[in-house]
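Peer 1: Mind looking over this structure? Questions follow.
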Amino acid sequence: MNEIVPVVEMADIAIGFPGVKALDGVDFRLFQGEVHALMGENGAGKSTLIKALTGVYTIDSGTIRVLGEQKRFSTPGESQAAGISTVYQEVNLCPNLTVEENVLLGREPRRRGSIDWKGVRSRTREVLAELQLDHIDPGSLLSTHSIAVQQLIAIARSVEINAKVLILDEPTSSLDADEVSQLFRVIRDLRDRGVAILFVSHFLEQVYEISDRMTVLRNGKLVGEYMTRDLSRMSLISKMIGKDMEVLAELDQAPARTRASNGAGGTPFIEARGLGRKGSVSGVDLSIHPGEVVGLAGLLGAGRTEIARLIFGADKADQGTIRVKGAGQKIRSPRAAIDRRIAFCSEDRKEEGLIGDLTVRDNLVLAMQASKGWARRIPRRVQDELVAEYIEALDIRPANPDALIRNLSGGNQQKVLLARWLVTHPELLILDEPTRGIDIGAKTQIQKLVNKLAADGMSILFISSELEEVLRVSDRVAVIKDRAMVAEINNDGVSVEDVMTVIAGGNQ
Amino acid sequence: MKSLLKHRLAWPVIALAALLLLNQVFRPDFLSLRMQDGHLYGSLIDIMRNGAPTILIALGMTLVIATRGIDLSVGAVVAIAGAASCAYIAGSPDPGSPVTAATAVLIAVVAGLALGVWNGFLVSTIGVQPIIATLVLMTAGRGVAQLITGGQIVSVTNDSYKSIGAGYLFTLPISILITAAVFALAAVLTRRTALGTLIEAVGINPVASRLAGLRARNIIWIVYVFSALCAALAGLMISSNVTAADANNAGLYIEMDAILAVVIGGTSLAGGRYTLVGTVVGAFIIQTLTTTVYTLGIPPEVTLVFKALVVITVCLLQAPKARNLLSRLKAAPKPAAQEAAKEKVAI
């Protein structure tokens, strides 16, 4: 292998943003005729590495060689000129042009200064035939095709420009099983013809099906490069989340919460059956009783947040049913969910939680005020009482209701957002990564709060990428993998390792 | 003093004061008021009266802009309101009576209401971008106004109607009183209810507002209706002042003045926090600019250049790049800004 010059060789790559090292000393090699998977959780640096290779970001240090020749990409155009072609999840073609125009855009065969449309048609047919995609009509509008076909056409375009490297960034996230297998056939075909393919996906099984080698990143650093057949799913996961099995097993000795004694009796507050949405998640069966904490475990990107959004009506479900207190319900909007006493604390504080330029007070009473409507303003006296109560109960600092929320620390912002929902007295509280990016003190406070709320009879859906945390607070754990719910485990002495086995499980 | 300068209204107020002083230097009687026939006269009164339609429209525009929207159709609404009321008076059997005038006002207000509902429908329900949605009415509206007036300038003779734009009450021009009343109404409506906060929430972070259960659709609808109502009142004022409806020229380019007033007053076009007082100050600055040009004896064409300069300055001050440049010229960077940048990357 060492004799062969890699098509792409990136060495000691570093890219920093203010205050953060997005990539730090990462090496990456891509050989001719292989499918190479780039693995890591969200935020591990996968996209940053791809953007360095495609010239979207300029690297701070390190070298990029293409076929042994050192390159410096400062624009996407330079990368493309070096033979690197990328197909994104959201296809970057022109939907209002035809298939053939897209495939040959900017490279149309010409005759006497004008475009030779016959040539365009025959060249497109040739390329499509090479990929066994003869059924696609070159003259049809791109927008009339499904996303899957559009991706194949994007691939056809890179075949036409004779790309040496094809980068596929999450190509399968909105594809169904048949479409995936068609895509994989084309990928294998290209690989056999010597194209180097970089494949990024959150779907573990697909990665194992298609890739020959993989590079694992974690927190912007290189974990290692492995042959896919030599790396078990278990060890891949532990490399991605960065903990050895033994250490994980020990960590779990911490005392768990006292379980609610309600068991399976009574009507669940919420019961989802076969809940799903095309292109998002599918087959979610979940029920949560009053006073029960259900944890969602799974890798980042497995579909945990998507499930929360379906239950909360932030995205509309198109499969399955939801029953609230035994009665069938259609939850079409967040407002409809809130009216049914469901609250959702998003993982994306900044984009989906904070109203940055408003005060702590305004943010805290926002959900309550929204459900009362604009005309019935919560009297200032009541606002002050509520805000003072929760600032004290949750230890929000600074204890100043008139501070702008964007000036608070992450942990305190999170507490204000929690308080926003607690003042509405929800019966189901969905917490998506409530402890991410906050200090350990605030983290423990929030975990304790979850215990207390459940003891008071609230149903809680708890989402976290830290399995230890999920196990510490949950009565039951639903395991999410590859955008579907694969198992539900009763948390009676379950270890982190057990859960990881289930995540890794599948068709090994 | 330093904290006073930091107040968001500090610079607009200073600019207005400077303009007024400049006028006072060139015309020593500029700031003086005098009583004549029980009416108050003076340049300040003139500025307020001439600026009244712009202030009215800018108040409505402020709330629209606070939701991240914009309303380009206000000029057309001015024309339609004036056309509808004047056409009604001209065509009625008793064109001079107060009852006819009152009915005409009602017709204009209902027309404004309907047009606001239309804009709000396009933006909030259909989801058309505000600038496009209101552009529809901006262009089509003048046509509607011309249809109403039959392409003519419709003159009316009705003393009650004339008093809206040119009359006096308690020594003050009625148009100033109407504007003050609408300002008070808007202030109470937004600050004594939760409307103001919810408008700001939608403007600052629409996604988070939706997830907090806010019905943004209703809020957006309200602001477009309010904006059109303000424009209809302004249309009544303008047509009443000249006792005629001119479908082509009434309220022409007034949307630009209104937007400018909002921006000068310190409300960002990006939406979010707004200030009605700032908008009023902004509108006074624009009107005083116009007056200043006359006072200084500069040809009126230069007014536009003046306005252009103000727009450029304000836009530059709002642009992130220019701001960064300014803050880099100042002392060390603030830790809060770095923290924010860090968080952004971490996501």
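Just remember, in the structure tokens the first chain shown is A, the second B, etc., residues are 1-based per chain, and ligands are 1-based in the order shown.
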For chain A, work out the contacting residues on chain B at 6 Å, counting only C-alpha atoms, and write them as a list in words.
Peer 2: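 Close enough to count are Thr193, Ala194, Leu195, Asn205, Val207, Ala208, Leu211, Ala212, Gly213, Leu214 and Lys342 of chain B.
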Peer 1: Go ahead and save the residues from that selection, with C-alpha atoms, as an mmCIF file, in the first residue's frame.
Peer 2:
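New file again-v8.cif:
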```
data_model
loop_
_atom_site.group_PDB
_atom_site.id
_atom_site.type_symbol
_atom_site.label_atom_id
_atom_site.label_comp_id
_atom_site.auth_asym_id
_atom_site.auth_seq_id
_atom_site.Cartn_x
_atom_site.Cartn_y
_atom_site.Cartn_z
ATOM 1 C CA THR B 193 -50.451 44.611 26.411
ATOM 2 C CA ALA B 194 -47.878 41.965 25.571
ATOM 3 C CA LEU B 195 -48.040 42.859 21.872
ATOM 4 C CA ASN B 205 -35.879 34.954 16.661
ATOM 5 C CA VAL B 207 -37.839 29.998 15.119
ATOM 6 C CA ALA B 208 -37.540 30.192 18.889
ATOM 7 C CA LEU B 211 -41.235 26.792 19.487
ATOM 8 C CA ALA B 212 -42.320 28.860 22.485
ATOM 9 C CA GLY B 213 -45.882 28.587 21.185
ATOM 10 C CA LEU B 214 -46.216 32.076 19.776
ATOM 11 C CA LYS B 342 -17.053 30.468 20.386
#
```
Peer 1: Can you list, as a ChimeraX atom specification, every protein, DNA or RNA residue that comes within 12 Å of Lys118 of chain A when you count only C-alpha atoms, leaving out same-chain residues fewer than 5 positions away?
Peer 2: /A:100-101,108-111,123-125,138-139
Peer 1: Name all residues at most 9 Å from segment 267-269 of chain B (count only C-alpha atoms; drop same-chain ones fewer than 3 positions away) and give them as a ChimeraX atom specification.
Peer 2: /B:62,65-66,68-70,259,262-264,272-276,278-279,318
Peer 1: Measuring atom to atom with only C-alpha atoms, identify which of A:Leu133, A:Leu30, A:Leu404, A:Val87 is nearest to Gln151 of chain A.
Peer 2: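 Smallest separation from Gln151 of chain A among the options: A:Val87.
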Peer 1: From a DSSP pass on the backbone, collect the residues of segment 128-253 of chain A flagged as strand (DSSP E) and hand them back as a VMD selection string.
Peer 2: chain A and resid 165 to 169 196 to 200 213 to 218 221 to 227
Peer 1: Pick the closest to Arg217 of chain B from B:Val123, B:Ala244, B:Ala140, B:Ala250: which is it, counting only C-alpha atoms?
Peer 2: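 When distances to Arg217 of chain B are compared using only C-alpha atoms, the smallest one comes from B:Val123.
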Peer 1: Using only C-alpha atoms for the distances, tell me which of A:Met500, A:Leu364, A:Arg341, A:Gly493 is nearest to Met458 of chain A.
Peer 2: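 Going through A:Met500, A:Leu364, A:Arg341, A:Gly493 one by one, the smallest distance to Met458 of chain A is for A:Arg341.
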Peer 1: Could you name the residues that touch Ala15 of chain B at 10 Å or less, counting only C-alpha atoms, but leaving out those on the same chain fewer than 4 positions away, as a PDB file with N, CA and C atoms, in the first residue's frame?
Peer 2:
```
ATOM      1  N   ALA B  10     -29.924  58.747  21.981  1.00  0.00           N
ATOM      2  CA  ALA B  10     -29.035  59.898  22.155  1.00  0.00           C
ATOM      3  C   ALA B  10     -28.677  60.563  20.824  1.00  0.00           C
ATOM      4  N   TRP B  11     -28.201  59.758  19.869  1.00  0.00           N
ATOM      5  CA  TRP B  11     -27.703  60.348  18.620  1.00  0.00           C
ATOM      6  C   TRP B  11     -28.820  60.950  17.768  1.00  0.00           C
ATOM      7  N   LEU B  19     -29.798  70.267  14.063  1.00  0.00           N
ATOM      8  CA  LEU B  19     -30.477  70.810  12.888  1.00  0.00           C
ATOM      9  C   LEU B  19     -31.311  72.030  13.255  1.00  0.00           C
ATOM     10  N   LEU B  20     -32.044  71.921  14.370  1.00  0.00           N
ATOM     11  CA  LEU B  20     -32.892  73.034  14.804  1.00  0.00           C
ATOM     12  C   LEU B  20     -32.035  74.251  15.129  1.00  0.00           C
ATOM     13  N   LEU B  21     -30.906  74.037  15.800  1.00  0.00           N
ATOM     14  CA  LEU B  21     -30.020  75.141  16.158  1.00  0.00           C
ATOM     15  C   LEU B  21     -29.462  75.813  14.912  1.00  0.00           C
ATOM     16  N   ILE B 264     -33.448  55.917  11.079  1.00  0.00           N
ATOM     17  CA  ILE B 264     -32.737  56.985  11.785  1.00  0.00           C
ATOM     18  C   ILE B 264     -33.089  56.950  13.265  1.00  0.00           C
ATOM     19  N   VAL B 281     -38.773  60.947  16.379  1.00  0.00           N
ATOM     20  CA  VAL B 281     -37.603  61.821  16.268  1.00  0.00           C
ATOM     21  C   VAL B 281     -37.019  61.728  14.854  1.00  0.00           C
ATOM     22  N   GLY B 282     -36.937  60.499  14.333  1.00  0.00           N
ATOM     23  CA  GLY B 282     -36.412  60.292  12.988  1.00  0.00           C
ATOM     24  C   GLY B 282     -37.219  61.045  11.944  1.00  0.00           C
ATOM     25  N   ILE B 285     -36.485  64.658  12.119  1.00  0.00           N
ATOM     26  CA  ILE B 285     -35.195  64.974  11.493  1.00  0.00           C
ATOM     27  C   ILE B 285     -35.377  65.138   9.982  1.00  0.00           C
TER      28      ILE B 285
END
```
Peer 1: As a ChimeraX atom specification, please: the residues near Ile45 of chain B (cut-off 10 Å, only C-alpha atoms, same-chain neighbours under 6 positions excluded).
Peer 2: /B:31-33,51,172-173,176
Peer 1: Kindly save the residues from that selection, with N, CA and C atoms included, as a compact mmCIF listing (two decimals), in the first residue's frame.
Peer 2:
```
# COMPACT_ATOMS: atom_id res chain seq x y z
N LEU B 31 -37.24 79.44 16.16
CA LEU B 31 -37.82 78.64 17.23
C LEU B 31 -38.99 79.33 17.92
N SER B 32 -39.28 80.57 17.54
CA SER B 32 -40.32 81.31 18.27
C SER B 32 -41.71 80.89 17.80
N LEU B 33 -42.64 80.90 18.74
CA LEU B 33 -44.03 80.58 18.43
C LEU B 33 -44.86 81.82 18.71
N GLY B 51 -44.95 67.25 8.75
CA GLY B 51 -44.40 65.91 8.95
C GLY B 51 -45.43 64.91 9.43
N LEU B 172 -54.13 74.14 18.17
CA LEU B 172 -53.15 73.34 17.41
C LEU B 172 -53.79 72.76 16.14
N PRO B 173 -52.98 72.55 15.10
CA PRO B 173 -53.51 71.90 13.90
C PRO B 173 -54.05 70.51 14.24
N ILE B 176 -51.83 67.43 13.75
CA ILE B 176 -50.86 67.14 14.82
C ILE B 176 -51.55 66.36 15.93
```
Peer 1: Under the rule that only C-alpha atoms are counted, which of A:Arg273, A:His135, A:Arg157, A:Arg476 is the nearest residue to Ala297 of chain A?
Peer 2: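 Selected residue with least distance to Ala297 of chain A: A:Arg476.
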